[in-house]
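Q: Okay, so here is protein.cif, and as you'll see once you scroll down, it has mmCIF, C-alpha atoms.
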data_structure
#
loop_
_atom_site.label_atom_id
_atom_site.label_comp_id
_atom_site.auth_asym_id
_atom_site.auth_seq_id
_atom_site.Cartn_x
_atom_site.Cartn_y
_atom_site.Cartn_z
CA MET A 1 -20.49 21.95 -2.44
CA HIS A 2 -18.90 19.43 -4.81
CA ALA A 3 -15.42 20.38 -3.67
CA ASN A 4 -16.24 18.95 -0.24
CA ILE A 5 -16.82 15.34 -1.34
CA ALA A 6 -13.21 14.29 -0.78
CA LEU A 7 -13.13 16.18 2.51
CA ILE A 8 -16.30 14.48 3.71
CA ASP A 9 -14.92 11.04 2.87
CA LEU A 10 -11.72 11.85 4.76
CA ARG A 11 -13.61 13.15 7.79
CA LEU A 12 -15.64 9.96 7.97
CA ARG A 13 -12.37 8.00 8.16
CA ARG A 14 -10.25 10.35 10.26
CA ARG A 15 -10.25 8.08 13.30
CA SER A 16 -9.12 5.11 11.23
CA ILE A 17 -6.33 7.19 9.71
CA LEU A 18 -5.13 8.34 13.13
CA TRP A 19 -5.25 4.88 14.68
CA PHE A 20 -3.48 3.26 11.75
CA ALA A 21 -0.79 5.95 11.66
CA GLY A 22 -0.31 5.96 15.43
CA GLY A 23 -0.18 2.19 15.69
CA LEU A 24 2.30 1.79 12.87
CA ALA A 25 4.45 4.62 14.23
CA PHE A 26 4.64 2.83 17.58
CA TYR A 27 5.47 -0.47 15.90
CA ALA A 28 8.18 1.15 13.76
CA PHE A 29 9.73 2.78 16.83
CA ILE A 30 9.82 -0.53 18.73
CA LEU A 31 11.37 -2.18 15.69
CA VAL A 32 14.08 0.46 15.47
CA ALA A 33 14.75 0.47 19.21
CA MET A 34 15.16 -3.32 19.25
CA TYR A 35 17.76 -3.39 16.51
CA PRO A 36 20.91 -2.78 18.62
CA SER A 37 20.06 -5.86 20.72
CA VAL A 38 19.56 -8.19 17.75
CA ARG A 39 22.12 -7.04 15.17
CA SER A 40 24.85 -9.28 16.64
CA ASP A 41 22.61 -12.32 17.02
CA SER A 42 24.19 -14.73 14.53
CA SER A 43 21.54 -17.42 15.03
CA LEU A 44 18.80 -14.98 14.08
CA GLY A 45 20.80 -13.82 11.08
CA ASP A 46 21.37 -17.38 9.95
CA LEU A 47 17.61 -18.00 10.02
CA THR A 48 17.33 -16.35 6.61
CA ALA A 49 20.94 -16.34 5.41
CA ASN A 50 21.09 -20.15 5.42
CA ASN A 51 17.47 -20.81 4.53
CA PRO A 52 16.32 -19.10 1.30
CA THR A 53 12.77 -20.36 1.73
CA VAL A 54 12.34 -18.66 5.11
CA GLY A 55 14.03 -15.57 3.70
CA ALA A 56 11.63 -15.55 0.75
CA LEU A 57 8.59 -15.80 3.03
CA LEU A 58 9.85 -12.86 5.09
CA GLY A 59 10.92 -10.83 2.06
CA VAL A 60 14.59 -10.94 3.08
CA SER A 61 17.64 -11.71 0.97
CA GLY A 62 20.66 -12.41 3.15
CA SER A 63 20.79 -11.92 6.91
CA LEU A 64 17.70 -10.92 8.88
CA THR A 65 19.91 -8.89 11.24
CA SER A 66 21.34 -6.62 8.54
CA PRO A 67 19.68 -3.17 8.44
CA THR A 68 17.82 -3.90 5.19
CA GLY A 69 16.96 -7.44 6.28
CA TRP A 70 15.58 -6.28 9.63
CA VAL A 71 13.41 -3.52 8.18
CA ASN A 72 12.28 -5.54 5.17
CA GLY A 73 11.48 -8.71 7.09
CA ASN A 74 9.57 -6.93 9.84
CA LEU A 75 7.96 -3.98 8.10
CA TYR A 76 8.43 -3.00 4.47
CA ALA A 77 7.98 -6.38 2.79
CA ASN A 78 4.81 -7.21 4.68
CA PHE A 79 3.37 -5.12 7.51
CA LEU A 80 3.52 -1.64 5.95
CA PRO A 81 1.98 -2.76 2.64
CA LEU A 82 -0.70 -4.64 4.57
CA MET A 83 -1.72 -1.54 6.54
CA VAL A 84 -1.73 0.62 3.43
CA LEU A 85 -3.80 -1.94 1.53
CA LEU A 86 -6.32 -2.26 4.36
CA LEU A 87 -7.00 1.46 4.00
CA THR A 88 -6.96 1.77 0.22
CA ILE A 89 -8.77 -1.44 -0.72
CA GLY A 90 -11.35 -0.87 1.99
CA TYR A 91 -12.07 2.62 0.72
CA GLY A 92 -11.90 1.63 -2.94
CA ALA A 93 -14.49 -1.08 -2.41
CA SER A 94 -16.86 1.22 -0.53
CA CYS A 95 -16.49 4.60 -2.26
CA ILE A 96 -18.73 3.67 -5.23
CA ALA A 97 -20.18 0.19 -4.64
CA GLY A 98 -20.71 0.81 -0.93
CA GLN A 99 -22.46 4.11 -1.54
CA SER A 100 -24.56 2.46 -4.24
CA GLU A 101 -25.63 -0.26 -1.81
CA ASP A 102 -26.62 2.17 0.94
CA GLY A 103 -28.39 4.53 -1.46
CA THR A 104 -26.15 7.59 -1.07
CA LEU A 105 -24.47 7.42 -4.48
CA GLY A 106 -27.64 8.70 -6.14
CA LEU A 107 -27.53 11.77 -3.91
CA VAL A 108 -23.91 12.40 -4.85
CA ALA A 109 -24.82 12.09 -8.53
CA THR A 110 -27.33 14.94 -8.20
CA LEU A 111 -24.60 17.41 -7.26
CA PRO A 112 -23.19 19.77 -9.92
CA LEU A 113 -20.21 17.51 -10.32
CA SER A 114 -18.95 15.65 -13.38
CA ARG A 115 -18.32 11.95 -12.97
CA ARG A 116 -14.75 12.49 -14.11
CA ARG A 117 -14.31 14.92 -11.22
CA LEU A 118 -15.97 12.44 -8.88
CA VAL A 119 -13.44 9.72 -9.74
CA ARG A 120 -10.61 12.21 -9.46
CA GLU A 121 -11.68 13.13 -5.93
CA LYS A 122 -12.11 9.50 -4.94
CA SER A 123 -8.60 8.78 -6.26
CA ALA A 124 -7.24 11.72 -4.27
CA VAL A 125 -8.80 10.28 -1.12
CA LEU A 126 -7.01 6.98 -1.77
CA VAL A 127 -3.69 8.85 -1.68
CA LEU A 128 -4.55 10.94 1.37
CA LEU A 129 -5.82 7.95 3.35
CA ALA A 130 -2.53 6.08 3.08
CA LEU A 131 -0.16 9.06 3.16
CA PRO A 132 -0.03 9.56 6.98
CA VAL A 133 0.69 5.86 7.56
CA ALA A 134 3.50 5.88 5.01
CA VAL A 135 5.03 9.15 6.20
CA VAL A 136 5.15 8.33 9.92
CA THR A 137 6.61 4.91 9.18
CA MET A 138 9.30 6.43 7.00
CA ALA A 139 10.10 9.05 9.63
CA PHE A 140 10.70 6.49 12.38
CA ILE A 141 12.79 4.28 10.11
CA LEU A 142 14.97 7.27 9.20
CA LEU A 143 15.44 7.89 12.93
CA GLY A 144 17.01 4.44 13.07
CA ARG A 145 20.45 5.93 12.42
CA HIS A 146 20.42 6.93 16.10
CA TYR A 147 20.00 3.23 16.93
CA ASP A 148 22.67 1.90 14.55
CA LEU A 149 19.99 1.10 11.97
CA THR A 150 21.34 3.01 8.98
CA LEU A 151 19.66 2.82 5.60
CA PRO A 152 20.11 5.06 2.53
CA THR A 153 17.70 7.98 2.95
CA GLY A 154 16.83 8.12 -0.73
CA ALA A 155 16.08 4.41 -0.83
CA VAL A 156 13.80 4.61 2.22
CA VAL A 157 11.91 7.60 0.82
CA GLY A 158 11.61 5.98 -2.61
CA THR A 159 10.46 2.62 -1.27
CA THR A 160 7.89 4.27 0.99
CA ALA A 161 6.52 6.21 -1.97
CA ALA A 162 6.43 3.01 -4.04
CA VAL A 163 4.38 1.24 -1.35
CA LEU A 164 1.99 4.20 -1.32
CA VAL A 165 1.56 4.11 -5.11
CA MET A 166 1.04 0.35 -5.02
CA GLY A 167 -1.66 0.81 -2.38
CA VAL A 168 -3.43 3.38 -4.55
CA ASP A 169 -3.23 0.98 -7.52
CA PHE A 170 -4.96 -1.79 -5.59
CA GLY A 171 -7.47 0.70 -4.23
CA LEU A 172 -8.38 1.60 -7.80
CA VAL A 173 -8.70 -2.11 -8.61
CA ALA A 174 -11.22 -2.40 -5.77
CA LEU A 175 -13.07 0.68 -7.02
CA ILE A 176 -13.30 -0.75 -10.55
CA ILE A 177 -14.53 -4.15 -9.34
CA GLY A 178 -17.11 -2.36 -7.23
CA VAL A 179 -18.35 -0.40 -10.25
CA LEU A 180 -18.55 -3.55 -12.38
CA THR A 181 -20.29 -5.71 -9.78
CA GLY A 182 -22.15 -3.21 -7.62
CA SER A 183 -21.02 -5.21 -4.58
CA ARG A 184 -18.77 -3.79 -1.89
CA GLY A 185 -18.11 -7.25 -0.44
CA LEU A 186 -17.15 -8.74 -3.77
CA ALA A 187 -14.88 -5.79 -4.58
CA LEU A 188 -13.22 -6.11 -1.19
CA GLY A 189 -12.71 -9.85 -1.53
CA LEU A 190 -11.45 -9.91 -5.12
CA ALA A 191 -9.10 -6.94 -4.72
CA SER A 192 -7.72 -8.40 -1.49
CA GLY A 193 -7.22 -11.73 -3.22
CA LEU A 194 -5.34 -10.10 -6.09
CA ALA A 195 -3.12 -8.24 -3.61
CA ALA A 196 -2.42 -11.46 -1.71
CA ALA A 197 -1.54 -13.27 -4.93
CA SER A 198 0.78 -10.42 -5.91
CA TYR A 199 2.50 -10.68 -2.52
CA LEU A 200 2.95 -14.44 -2.76
CA VAL A 201 4.36 -14.28 -6.28
CA SER A 202 6.86 -11.62 -5.28
CA SER A 203 7.86 -13.40 -2.06
CA LEU A 204 8.17 -16.92 -3.46
CA ALA A 205 9.85 -16.00 -6.75
CA PRO A 206 13.41 -16.54 -5.38
CA VAL A 207 12.64 -20.20 -4.59
CA ILE A 208 9.84 -21.25 -6.97
CA GLY A 209 10.36 -21.30 -10.72
CA TRP A 210 6.83 -20.50 -11.90
CA ALA A 211 6.60 -17.56 -9.49
CA ARG A 212 9.86 -16.20 -10.85
CA THR A 213 8.41 -16.40 -14.38
CA VAL A 214 5.28 -14.36 -13.57
CA ARG A 215 6.98 -12.02 -11.08
CA PRO A 216 6.97 -9.03 -13.47
CA ALA A 217 3.16 -9.03 -13.23
CA SER A 218 3.34 -8.50 -9.45
CA LEU A 219 3.01 -4.92 -8.19
CA PHE A 220 4.53 -6.08 -4.90
CA TYR A 221 7.69 -7.04 -6.76
CA TRP A 222 8.07 -3.57 -8.26
CA ALA A 223 7.33 -1.85 -4.93
CA VAL A 224 9.27 -3.91 -2.36
CA GLY A 225 10.36 -7.21 -3.87
CA SER A 226 13.71 -6.32 -5.41
CA ASP A 227 15.88 -5.04 -2.53
CA GLN A 228 14.50 -1.52 -2.88
CA LEU A 229 15.59 -0.50 0.63
CA SER A 230 19.22 -0.82 -0.45
CA LYS A 231 19.13 0.96 -3.79
CA GLY A 232 15.65 2.42 -4.16
CA PRO A 233 13.02 1.55 -6.77
CA SER A 234 14.32 1.40 -10.34
CA LEU A 235 13.05 3.54 -13.19
CA THR A 236 11.28 0.47 -14.53
CA ALA A 237 9.57 -0.05 -11.18
CA TRP A 238 8.34 3.54 -11.13
CA THR A 239 7.12 3.22 -14.70
CA VAL A 240 5.12 0.07 -13.94
CA LEU A 241 3.58 1.41 -10.73
CA VAL A 242 2.68 4.83 -12.10
CA VAL A 243 1.45 3.63 -15.50
CA ALA A 244 -0.69 0.99 -13.78
CA GLY A 245 -2.24 3.71 -11.62
CA VAL A 246 -2.92 6.00 -14.58
CA VAL A 247 -4.50 3.19 -16.62
CA LEU A 248 -6.65 2.08 -13.68
CA HIS A 249 -7.77 5.66 -13.01
CA LEU A 250 -8.75 6.18 -16.65
CA ALA A 251 -10.59 2.86 -16.67
CA ALA A 252 -12.46 3.92 -13.54
CA VAL A 253 -13.45 7.21 -15.18
CA VAL A 254 -14.84 5.41 -18.24
CA LEU A 255 -16.77 2.89 -16.16
CA VAL A 256 -18.23 5.45 -13.74
CA GLU A 257 -19.30 7.67 -16.64
CA ARG A 258 -21.26 4.71 -18.03
CA LEU A 259 -22.63 3.62 -14.66
CA ASP A 260 -26.41 3.73 -14.23
CA ILE A 261 -26.71 5.55 -10.89
CA ARG A 262 -30.10 5.54 -9.19
#
Kindly return the structure encoded in the file as structure tokens.
A:
Amino acid sequence: MHANIALIDLRLRRRSILWFAGGLAFYAFILVAMYPSVRSDSSLGDLTANNPTVGALLGVSGSLTSPTGWVNGNLYANFLPLMVLLLTIGYGASCIAGQSEDGTLGLVATLPLSRRRLVREKSAVLVLLALPVAVVTMAFILLGRHYDLTLPTGAVVGTTAAVLVMGVDFGLVALIIGVLTGSRGLALGLASGLAAASYLVSSLAPVIGWARTVRPASLFYWAVGSDQLSKGPSLTAWTVLVVAGVVLHLAAVVLVERLDIR
């Protein structure tokens, strides 16, 4: 029975997964289809090329009408991470703290299942929740070559994977806060606040000195904040994102093993 815990959690959220994936796929297609009509719009391109502050807020360096500028400014620097984080932080906040609040965590704890295995399955659900959204978005962006929106395939795949890993990292942050506080709402709020701060630091770093100083602490910077759609995430970026996830997962295991479940 214990092997079905992850499957049950996914089934309870299958409609959300489908709606998120379908909605983002539609948005990505519209974005790609619009590109031929805007790529020659010099005034739109100048909006970010001549105004670094606007470019920083949109996550664009250079012209908004370049392939990387268009996809970054309208999707990868903001909207895709937001959708992924809505899924992962929401689940992370509810998968332990939420079940504790509604009284079902005690039932789960009675199953022949180690707490280490429980955290491992919850972490797997974090990945599987966000995976369809990331994959369909990537697929439609790669179809952009048929609409004159050509980006390096490896860079698109790598950046999509980096956004997915970042989402899992913040989901684990929400899970840990939920274990420490026992409050789903507090976990949701604090993890969302940390994600928002990470986004602002990464976005504003090109134009604000203090943000540039603390930028290495931002997971957003390592996932999408350093022109990843042009050259792909660096080895350092992968190291930061993956190591952060491993450390957070291990911390969650330790905390859940010590949690007094009733």
Q: Evaluated on this file, the PyMOL selection byres ((chain A and resi 177) around 12) picks out some residues - which ones are they, written as a ChimeraX atom specification?
A: /A:89,92-98,170-176,178-192,194,248,251-252,255-256
Q: Compile a residue-level contact table for stretch 28-117 of chain A against stretch 156-167 of chain A at a cut-off of 8 Å, reporting for every qualifying residue the shortest atom pair and its distance in Å to one decimal, with only C-alpha atoms counted, rows ordered by chain and ascending number, as a Markdown table.
A:
| residue | atom | partner | partner_atom | distance |
| --- | --- | --- | --- | --- |
| A:Leu80 | CA | A:Val163 | CA | 7.9 |
| A:Pro81 | CA | A:Val163 | CA | 6.1 |
| A:Val84 | CA | A:Gly167 | CA | 5.8 |
| A:Leu85 | CA | A:Gly167 | CA | 5.2 |
| A:Thr88 | CA | A:Gly167 | CA | 6.0 |
| A:Ile89 | CA | A:Gly167 | CA | 7.6 |
Q: In Å, how far is it from atom CA of A:Tyr221 to atom CA of A:Ala244?
A: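 About the pair atom CA of A:Tyr221 and atom CA of A:Ala244: they are 13.6 Å apart.
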Q: On this structure, the PyMOL selection byres ((chain A and resi 120-129) around 7) would catch which residues? List them as a list in words, sorted by chain and number.
A: Ala6, Leu10, Ile17, Leu87, Thr88, Arg116, Arg117, Leu118, Val119, Ala130, Leu131, Val168 and Gly171 of chain A
Q: Set the distance at 8 Å and use all atoms listed in the file: which residues neighbour A:Ile261 once local chain neighbours fewer than 2 positions away are removed? I'd like the list as a VMD selection string.
A: chain A and resid 100 105 to 106 109 259
Q: Looking at only C-alpha atoms, which of A:Ala134, A:Ala211, A:Leu219, A:Ala139 is the one that sits closest to A:Ser198?
A: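 Of A:Ala134, A:Ala211, A:Leu219, A:Ala139, the one nearest A:Ser198, counting only C-alpha atoms, is A:Leu219.
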Q: Just give me the gap between atom CA of A:Val247 and atom CA of A:Asn78 in Å, one decimal is fine.
A: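 Between atom CA of A:Val247 and atom CA of A:Asn78 the gap is 25.5 Å.
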Q: For each of A:Leu31, A:Val224, A:Leu113, A:Met83, take the minimum atom-to-atom distance to A:Tyr199, counting all atoms listed in the file, then give the residue where this is smallest.
A: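 The answer is A:Val224, which sits nearest to A:Tyr199.
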Q: All heavy atoms are needed for stretch 25-36 of chain A; please write them out as a PDB file, in the coordinates of the input.
A:
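The result, stored in result-v7.pdb:
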ATOM      1  N   ALA A  25       3.326   3.827  13.724  1.00  0.00           N
ATOM      2  CA  ALA A  25       4.450   4.620  14.230  1.00  0.00           C
ATOM      3  C   ALA A  25       5.037   3.961  15.473  1.00  0.00           C
ATOM      4  O   ALA A  25       6.268   3.865  15.630  1.00  0.00           O
ATOM      5  CB  ALA A  25       3.984   6.042  14.546  1.00  0.00           C
ATOM      6  N   PHE A  26       4.169   3.510  16.369  1.00  0.00           N
ATOM      7  CA  PHE A  26       4.640   2.830  17.580  1.00  0.00           C
ATOM      8  C   PHE A  26       5.389   1.554  17.236  1.00  0.00           C
ATOM      9  O   PHE A  26       6.466   1.267  17.775  1.00  0.00           O
ATOM     10  CB  PHE A  26       3.449   2.530  18.492  1.00  0.00           C
ATOM     11  CG  PHE A  26       3.809   1.786  19.749  1.00  0.00           C
ATOM     12  CD1 PHE A  26       4.466   2.435  20.782  1.00  0.00           C
ATOM     13  CD2 PHE A  26       3.495   0.447  19.887  1.00  0.00           C
ATOM     14  CE1 PHE A  26       4.808   1.747  21.947  1.00  0.00           C
ATOM     15  CE2 PHE A  26       3.840  -0.245  21.033  1.00  0.00           C
ATOM     16  CZ  PHE A  26       4.493   0.413  22.071  1.00  0.00           C
ATOM     17  N   TYR A  27       4.821   0.776  16.314  1.00  0.00           N
ATOM     18  CA  TYR A  27       5.470  -0.470  15.900  1.00  0.00           C
ATOM     19  C   TYR A  27       6.833  -0.193  15.271  1.00  0.00           C
ATOM     20  O   TYR A  27       7.816  -0.890  15.560  1.00  0.00           O
ATOM     21  CB  TYR A  27       4.571  -1.209  14.914  1.00  0.00           C
ATOM     22  CG  TYR A  27       5.205  -2.454  14.338  1.00  0.00           C
ATOM     23  CD1 TYR A  27       5.312  -3.614  15.092  1.00  0.00           C
ATOM     24  CD2 TYR A  27       5.702  -2.463  13.033  1.00  0.00           C
ATOM     25  CE1 TYR A  27       5.894  -4.757  14.571  1.00  0.00           C
ATOM     26  CE2 TYR A  27       6.282  -3.604  12.506  1.00  0.00           C
ATOM     27  CZ  TYR A  27       6.375  -4.742  13.273  1.00  0.00           C
ATOM     28  OH  TYR A  27       6.956  -5.871  12.754  1.00  0.00           O
ATOM     29  N   ALA A  28       6.911   0.819  14.406  1.00  0.00           N
ATOM     30  CA  ALA A  28       8.180   1.150  13.760  1.00  0.00           C
ATOM     31  C   ALA A  28       9.223   1.584  14.784  1.00  0.00           C
ATOM     32  O   ALA A  28      10.404   1.231  14.682  1.00  0.00           O
ATOM     33  CB  ALA A  28       7.967   2.251  12.717  1.00  0.00           C
ATOM     34  N   PHE A  29       8.787   2.343  15.792  1.00  0.00           N
ATOM     35  CA  PHE A  29       9.730   2.780  16.830  1.00  0.00           C
ATOM     36  C   PHE A  29      10.258   1.580  17.615  1.00  0.00           C
ATOM     37  O   PHE A  29      11.460   1.488  17.886  1.00  0.00           O
ATOM     38  CB  PHE A  29       9.065   3.762  17.773  1.00  0.00           C
ATOM     39  CG  PHE A  29       9.916   4.107  18.957  1.00  0.00           C
ATOM     40  CD1 PHE A  29      11.038   4.924  18.812  1.00  0.00           C
ATOM     41  CD2 PHE A  29       9.633   3.587  20.212  1.00  0.00           C
ATOM     42  CE1 PHE A  29      11.840   5.221  19.895  1.00  0.00           C
ATOM     43  CE2 PHE A  29      10.437   3.883  21.303  1.00  0.00           C
ATOM     44  CZ  PHE A  29      11.546   4.708  21.140  1.00  0.00           C
ATOM     45  N   ILE A  30       9.386   0.671  17.996  1.00  0.00           N
ATOM     46  CA  ILE A  30       9.820  -0.530  18.730  1.00  0.00           C
ATOM     47  C   ILE A  30      10.796  -1.334  17.880  1.00  0.00           C
ATOM     48  O   ILE A  30      11.824  -1.839  18.372  1.00  0.00           O
ATOM     49  CB  ILE A  30       8.608  -1.395  19.114  1.00  0.00           C
ATOM     50  CG1 ILE A  30       7.706  -0.648  20.104  1.00  0.00           C
ATOM     51  CG2 ILE A  30       9.056  -2.725  19.700  1.00  0.00           C
ATOM     52  CD1 ILE A  30       8.389  -0.289  21.412  1.00  0.00           C
ATOM     53  N   LEU A  31      10.502  -1.441  16.608  1.00  0.00           N
ATOM     54  CA  LEU A  31      11.370  -2.180  15.690  1.00  0.00           C
ATOM     55  C   LEU A  31      12.758  -1.564  15.628  1.00  0.00           C
ATOM     56  O   LEU A  31      13.779  -2.269  15.689  1.00  0.00           O
ATOM     57  CB  LEU A  31      10.722  -2.181  14.303  1.00  0.00           C
ATOM     58  CG  LEU A  31      11.319  -3.105  13.246  1.00  0.00           C
ATOM     59  CD1 LEU A  31      11.085  -4.566  13.628  1.00  0.00           C
ATOM     60  CD2 LEU A  31      10.692  -2.804  11.890  1.00  0.00           C
ATOM     61  N   VAL A  32      12.804  -0.250  15.525  1.00  0.00           N
ATOM     62  CA  VAL A  32      14.080   0.460  15.470  1.00  0.00           C
ATOM     63  C   VAL A  32      14.829   0.334  16.785  1.00  0.00           C
ATOM     64  O   VAL A  32      16.045   0.080  16.815  1.00  0.00           O
ATOM     65  CB  VAL A  32      13.826   1.944  15.114  1.00  0.00           C
ATOM     66  CG1 VAL A  32      15.084   2.781  15.374  1.00  0.00           C
ATOM     67  CG2 VAL A  32      13.389   2.078  13.658  1.00  0.00           C
ATOM     68  N   ALA A  33      14.114   0.511  17.896  1.00  0.00           N
ATOM     69  CA  ALA A  33      14.750   0.470  19.210  1.00  0.00           C
ATOM     70  C   ALA A  33      15.304  -0.914  19.546  1.00  0.00           C
ATOM     71  O   ALA A  33      16.283  -1.044  20.298  1.00  0.00           O
ATOM     72  CB  ALA A  33      13.754   0.910  20.284  1.00  0.00           C
ATOM     73  N   MET A  34      14.705  -1.961  18.985  1.00  0.00           N
ATOM     74  CA  MET A  34      15.160  -3.320  19.250  1.00  0.00           C
ATOM     75  C   MET A  34      16.432  -3.684  18.478  1.00  0.00           C
ATOM     76  O   MET A  34      17.137  -4.620  18.863  1.00  0.00           O
ATOM     77  CB  MET A  34      14.064  -4.332  18.867  1.00  0.00           C
ATOM     78  CG  MET A  34      12.889  -4.406  19.807  1.00  0.00           C
ATOM     79  SD  MET A  34      11.647  -5.570  19.184  1.00  0.00           S
ATOM     80  CE  MET A  34      12.618  -7.086  19.093  1.00  0.00           C
ATOM     81  N   TYR A  35      16.705  -2.958  17.415  1.00  0.00           N
ATOM     82  CA  TYR A  35      17.760  -3.390  16.510  1.00  0.00           C
ATOM     83  C   TYR A  35      19.139  -3.539  17.168  1.00  0.00           C
ATOM     84  O   TYR A  35      19.834  -4.530  16.904  1.00  0.00           O
ATOM     85  CB  TYR A  35      17.863  -2.455  15.302  1.00  0.00           C
ATOM     86  CG  TYR A  35      18.882  -2.923  14.307  1.00  0.00           C
ATOM     87  CD1 TYR A  35      18.684  -4.085  13.568  1.00  0.00           C
ATOM     88  CD2 TYR A  35      20.075  -2.232  14.116  1.00  0.00           C
ATOM     89  CE1 TYR A  35      19.630  -4.540  12.674  1.00  0.00           C
ATOM     90  CE2 TYR A  35      21.027  -2.671  13.221  1.00  0.00           C
ATOM     91  CZ  TYR A  35      20.804  -3.827  12.501  1.00  0.00           C
ATOM     92  OH  TYR A  35      21.749  -4.270  11.612  1.00  0.00           O
ATOM     93  N   PRO A  36      19.584  -2.609  18.024  1.00  0.00           N
ATOM     94  CA  PRO A  36      20.910  -2.780  18.620  1.00  0.00           C
ATOM     95  C   PRO A  36      21.065  -4.092  19.402  1.00  0.00           C
ATOM     96  O   PRO A  36      22.172  -4.637  19.495  1.00  0.00           O
ATOM     97  CB  PRO A  36      21.027  -1.568  19.560  1.00  0.00           C
ATOM     98  CG  PRO A  36      20.148  -0.541  18.948  1.00  0.00           C
ATOM     99  CD  PRO A  36      18.989  -1.312  18.398  1.00  0.00           C
TER     100      PRO A  36
END
